Amino acid sequence: MTLTKPGATMDEPAAGSAVLTAQYVYAIVPAGTVVPNDLTGVDDGGVELVGHGAIAAVVGAVATDRPFGRREDLLAHSRVTDTLAQDCAVIPVRFGAVLADAGDVVAELLAPNAELFASVLAELAGLRQYVVRARYDEEAVLAEIVEENPDIAVLRHRTRDRSVEASWNERIRLGELVARALEVKRDVDSADLLDLLTPHAEDWNIRVAGEVDHLVDVAFLVPDERVEEFERAAEEAANSLAGRGRVRLVGPTAPYDFVPGDDTWVS
Amino acid sequence: MTVVNQRRTGGGGQLQRPSSSGLADVIDIILDKGLVIDAYVRVSLVGIELLTIDARIVIASVDTYLRFAEATNRLDLYEHGGRDLTELMGDGVHQAAKGKTSGAIEGIKDAVTGDDEDEHEERRRPVKKATVRRRRREGE
């Protein structure tokens, strides 16, 4: 594929003050999708469709002569894909993709993958993504861990009233044991949560995440007609964790976790 | 991290539903998921690849262990009689103590992710993903 260089196109090639622009790609949608008039993308710019047969790319012109990836840029990307996802099937594109111009959007993105994108959009119709994020209440769970593990209780007792320097090795050991105990707890609690929620979803994807209070992050693909029961199950999960952790339900959003992988299409 | 306005849902009322997506809810989705269009195109915009590691935290490190140890040592357990800790932690004592002892995790997050309100472009040095992603080991 032809590589797109920053500033590969210019609105006014001859002018010294030319603005370097490119087409920022937000998502792939079915052709004929109506973009809400008041929907704005990156830099508060307009959002439009570039169509090709049964599919279309949702794009917007962006200036490429500035650093990208600011807070507003990220939120704008998310706003566009999630707004569209309320009304139609959407294949959200990962943040930060630009092509030189509308011609390239068709020639390099849509045309080579038209069939695949159309079939994925058909599969995603009527499905929405929700993300369930469960986080531990650190204090409550550490208390459980001390209670349940005599080794940890002993080390805690030994290190508690000594300086960090004087109890360095024991502290490291204590922290390591606590981290491991937390891992075991995480496996048990996340299995319980999945048992509650997966019966109400079409598909799910457990996220890899690194935060230490992390219990589990799961993206669910939920059919429209099962949203209510899914939300009830999420409430049940939150209630069962009450006092030990919190559950957040984010969505509906575009199905970021359920798009084709890198190896299945032409790029 | 970002404080997001929340509304309580019906029923039990424990579930948190952010009324709008904050950066914290968005960042690891749109940077780590979604259709990937050509890698060269992605990196052609300054700053993007650098951002992708920000939500990742090193877990198996001495620093992390020390924080865990410190948080564990701060707990005020046995003075209250030992058993039924979960109940103990769930009542007013828990609420009162929460502010001062929920710090270890937030501290680690802040250290790695920096200030959520940071409006400037990101120019952090990229870190190898393999070293910062916590991989769940099976059987543990």
# chains A, B, ... in the order shown; residues from 1 in each chain; ligands from 1
call {"tool": "interface_residues", "arguments": {"of": "chain A", "to": "chain B", "cutoff": "6 Å", "atoms": "only C-alpha atoms", "output": "count of residues only"}}
result
34
call {"tool": "select_by_dssp", "arguments": {"residues": "region 55-218 of chain A", "states": "alpha helix (DSSP H)", "output": "PyMOL selection string"}}
result
chain A and resi 71-85+102-104+114-124+138-148+150-160+168-197
call {"tool": "write_last_selection", "arguments": {"atoms": "C-alpha atoms", "output": "short mmCIF file (atom, residue, chain, number, x, y, z; two decimals), in the first residue's frame"}}
result
data_model
loop_
_atom_site.label_atom_id
_atom_site.label_comp_id
_atom_site.auth_asym_id
_atom_site.auth_seq_id
_atom_site.Cartn_x
_atom_site.Cartn_y
_atom_site.Cartn_z
CA ARG A 71 -7.12 14.79 25.51
CA GLU A 72 -9.62 16.53 23.19
CA ASP A 73 -8.47 14.41 20.26
CA LEU A 74 -9.09 11.18 22.15
CA LEU A 75 -12.48 12.28 23.40
CA ALA A 76 -13.50 13.50 19.93
CA HIS A 77 -12.64 10.14 18.39
CA SER A 78 -14.64 8.33 21.02
CA ARG A 79 -17.56 10.73 20.68
CA VAL A 80 -17.85 10.14 16.93
CA THR A 81 -17.72 6.35 17.04
CA ASP A 82 -20.02 6.00 20.04
CA THR A 83 -22.58 8.48 18.73
CA LEU A 84 -22.80 6.61 15.44
CA ALA A 85 -23.01 3.29 17.26
CA ALA A 102 -10.75 10.70 0.13
CA GLY A 103 -9.33 8.90 -2.90
CA ASP A 104 -6.94 6.97 -0.72
CA ALA A 114 -15.29 -4.17 0.93
CA GLU A 115 -16.66 -7.68 1.33
CA LEU A 116 -15.12 -8.29 4.71
CA PHE A 117 -16.25 -4.98 6.15
CA ALA A 118 -19.77 -5.51 4.80
CA SER A 119 -20.02 -8.93 6.40
CA VAL A 120 -18.64 -7.71 9.73
CA LEU A 121 -21.13 -4.84 9.73
CA ALA A 122 -23.92 -7.33 9.07
CA GLU A 123 -22.78 -9.43 12.02
CA LEU A 124 -22.56 -6.42 14.31
CA GLU A 138 -8.07 -1.95 48.42
CA GLU A 139 -8.53 -1.70 52.14
CA ALA A 140 -11.32 -4.26 52.37
CA VAL A 141 -9.54 -6.79 50.19
CA LEU A 142 -6.20 -6.38 51.93
CA ALA A 143 -7.99 -6.98 55.21
CA GLU A 144 -9.38 -10.23 53.81
CA ILE A 145 -5.94 -11.25 52.63
CA VAL A 146 -4.32 -10.65 56.00
CA GLU A 147 -7.14 -12.56 57.64
CA GLU A 148 -6.89 -15.52 55.31
CA PRO A 150 -1.21 -16.49 58.39
CA ASP A 151 2.15 -15.93 56.64
CA ILE A 152 1.10 -12.50 55.63
CA ALA A 153 -0.25 -11.69 59.07
CA VAL A 154 3.06 -12.70 60.63
CA LEU A 155 5.14 -10.65 58.20
CA ARG A 156 2.86 -7.72 58.67
CA HIS A 157 3.27 -7.93 62.41
CA ARG A 158 7.05 -8.15 62.10
CA THR A 159 7.47 -5.25 59.75
CA ARG A 160 4.81 -2.94 60.97
CA TRP A 168 13.50 -4.29 53.77
CA ASN A 169 13.60 -7.95 52.82
CA GLU A 170 10.59 -8.87 54.90
CA ARG A 171 8.66 -6.00 53.41
CA ILE A 172 9.42 -7.09 49.89
CA ARG A 173 8.36 -10.60 50.80
CA LEU A 174 5.18 -9.30 52.41
CA GLY A 175 4.33 -7.25 49.35
CA GLU A 176 5.01 -10.15 47.03
CA LEU A 177 2.78 -12.50 49.02
CA VAL A 178 0.01 -9.92 49.12
CA ALA A 179 0.26 -9.40 45.38
CA ARG A 180 0.00 -13.15 44.81
CA ALA A 181 -2.91 -13.55 47.18
CA LEU A 182 -4.63 -10.75 45.34
CA GLU A 183 -4.11 -12.59 42.09
CA VAL A 184 -5.86 -15.67 43.46
CA LYS A 185 -8.72 -13.57 44.78
CA ARG A 186 -9.00 -11.90 41.41
CA ASP A 187 -9.39 -15.20 39.63
CA VAL A 188 -12.18 -16.28 41.94
CA ASP A 189 -14.07 -13.00 41.90
CA SER A 190 -13.74 -12.46 38.17
CA ALA A 191 -15.07 -15.97 37.52
CA ASP A 192 -18.11 -15.14 39.66
CA LEU A 193 -18.67 -11.93 37.76
CA LEU A 194 -18.38 -13.64 34.39
CA ASP A 195 -20.86 -16.30 35.49
CA LEU A 196 -23.41 -13.57 36.15
CA LEU A 197 -22.90 -11.62 32.95
#
call {"tool": "atom_distance", "arguments": {"atom1": "CA of Ala233 (chain A)", "atom2": "CA of Tyr136 (chain A)"}}
result
18.6 Å
call {"tool": "closest_residue", "arguments": {"among": "A:Arg244, A:Arg66, A:His214, A:His200", "to": "Leu127 (chain A)", "atoms": "only C-alpha atoms"}}
result
A:His200
call {"tool": "select_by_dssp", "arguments": {"residues": "region 32-254 of chain A", "states": "strand (DSSP E)", "output": "count of residues only"}}
result
51
call {"tool": "atom_distance", "arguments": {"atom1": "CA of Glu108 (chain A)", "atom2": "CA of Gly60 (chain A)"}}
result
16.6 Å
call {"tool": "atom_distance", "arguments": {"atom1": "CA of Asn37 (chain A)", "atom2": "CA of Val90 (chain A)"}}
result
17.8 Å
call {"tool": "decode", "arguments": {"residues": "region 109-139 of chain A", "atoms": "N, CA and C atoms", "output": "short mmCIF file (atom, residue, chain, number, x, y, z; two decimals), in the first residue's frame"}}
result
data_model
loop_
_atom_site.label_atom_id
_atom_site.label_comp_id
_atom_site.auth_asym_id
_atom_site.auth_seq_id
_atom_site.Cartn_x
_atom_site.Cartn_y
_atom_site.Cartn_z
N LEU A 109 -8.38 1.59 1.69
CA LEU A 109 -9.08 1.03 2.86
C LEU A 109 -10.38 0.31 2.46
N LEU A 110 -11.24 1.00 1.75
CA LEU A 110 -12.57 0.45 1.50
C LEU A 110 -12.58 -0.60 0.39
N ALA A 111 -12.02 -0.25 -0.76
CA ALA A 111 -12.10 -1.16 -1.90
C ALA A 111 -11.48 -2.53 -1.63
N PRO A 112 -10.28 -2.60 -1.07
CA PRO A 112 -9.65 -3.92 -0.88
C PRO A 112 -10.36 -4.77 0.17
N ASN A 113 -11.17 -4.15 1.03
CA ASN A 113 -11.79 -4.88 2.14
C ASN A 113 -13.31 -4.81 2.12
N ALA A 114 -13.86 -4.45 0.99
CA ALA A 114 -15.29 -4.17 0.93
C ALA A 114 -16.15 -5.34 1.42
N GLU A 115 -15.85 -6.53 0.94
CA GLU A 115 -16.66 -7.68 1.33
C GLU A 115 -16.56 -7.99 2.81
N LEU A 116 -15.32 -7.98 3.29
CA LEU A 116 -15.12 -8.29 4.71
C LEU A 116 -15.84 -7.28 5.60
N PHE A 117 -15.63 -6.00 5.31
CA PHE A 117 -16.25 -4.98 6.15
C PHE A 117 -17.77 -5.09 6.10
N ALA A 118 -18.32 -5.37 4.92
CA ALA A 118 -19.77 -5.51 4.80
C ALA A 118 -20.28 -6.68 5.64
N SER A 119 -19.54 -7.77 5.63
CA SER A 119 -20.02 -8.93 6.40
C SER A 119 -19.86 -8.70 7.90
N VAL A 120 -18.80 -8.01 8.30
CA VAL A 120 -18.64 -7.71 9.73
C VAL A 120 -19.75 -6.77 10.20
N LEU A 121 -20.06 -5.78 9.37
CA LEU A 121 -21.13 -4.84 9.73
C LEU A 121 -22.46 -5.58 9.87
N ALA A 122 -22.68 -6.56 8.99
CA ALA A 122 -23.92 -7.33 9.07
C ALA A 122 -23.96 -8.12 10.38
N GLU A 123 -22.82 -8.67 10.77
CA GLU A 123 -22.78 -9.43 12.02
C GLU A 123 -22.96 -8.55 13.24
N LEU A 124 -22.49 -7.32 13.16
CA LEU A 124 -22.56 -6.42 14.31
C LEU A 124 -23.90 -5.71 14.45
N ALA A 125 -24.75 -5.84 13.44
CA ALA A 125 -26.04 -5.15 13.48
C ALA A 125 -26.83 -5.60 14.70
N GLY A 126 -27.39 -4.64 15.42
CA GLY A 126 -28.21 -4.95 16.58
C GLY A 126 -27.44 -5.34 17.83
N LEU A 127 -26.13 -5.15 17.79
CA LEU A 127 -25.29 -5.49 18.95
C LEU A 127 -24.57 -4.24 19.44
N ARG A 128 -24.45 -4.14 20.73
CA ARG A 128 -23.74 -2.99 21.31
C ARG A 128 -22.68 -3.48 22.28
N GLN A 129 -21.64 -2.67 22.40
CA GLN A 129 -20.59 -3.04 23.35
C GLN A 129 -20.79 -2.34 24.68
N TYR A 130 -20.65 -3.10 25.72
CA TYR A 130 -20.59 -2.56 27.08
C TYR A 130 -19.29 -3.04 27.70
N VAL A 131 -18.70 -2.19 28.51
CA VAL A 131 -17.51 -2.61 29.24
C VAL A 131 -17.81 -2.60 30.73
N VAL A 132 -17.54 -3.71 31.36
CA VAL A 132 -17.71 -3.81 32.80
C VAL A 132 -16.32 -3.74 33.43
N ARG A 133 -16.14 -2.77 34.30
CA ARG A 133 -14.86 -2.62 34.99
C ARG A 133 -15.07 -2.84 36.47
N ALA A 134 -14.45 -3.87 36.99
CA ALA A 134 -14.57 -4.14 38.42
C ALA A 134 -13.25 -3.80 39.08
N ARG A 135 -13.34 -3.06 40.17
CA ARG A 135 -12.15 -2.64 40.90
C ARG A 135 -12.34 -3.00 42.36
N TYR A 136 -11.26 -3.45 42.98
CA TYR A 136 -11.33 -3.76 44.40
C TYR A 136 -11.29 -2.51 45.25
N ASP A 137 -11.94 -2.59 46.39
CA ASP A 137 -11.68 -1.65 47.46
C ASP A 137 -10.43 -2.17 48.15
N GLU A 138 -9.36 -1.46 47.98
CA GLU A 138 -8.07 -1.95 48.42
C GLU A 138 -8.05 -2.34 49.89
N GLU A 139 -8.60 -1.46 50.70
CA GLU A 139 -8.53 -1.70 52.14
C GLU A 139 -9.29 -2.96 52.55
#
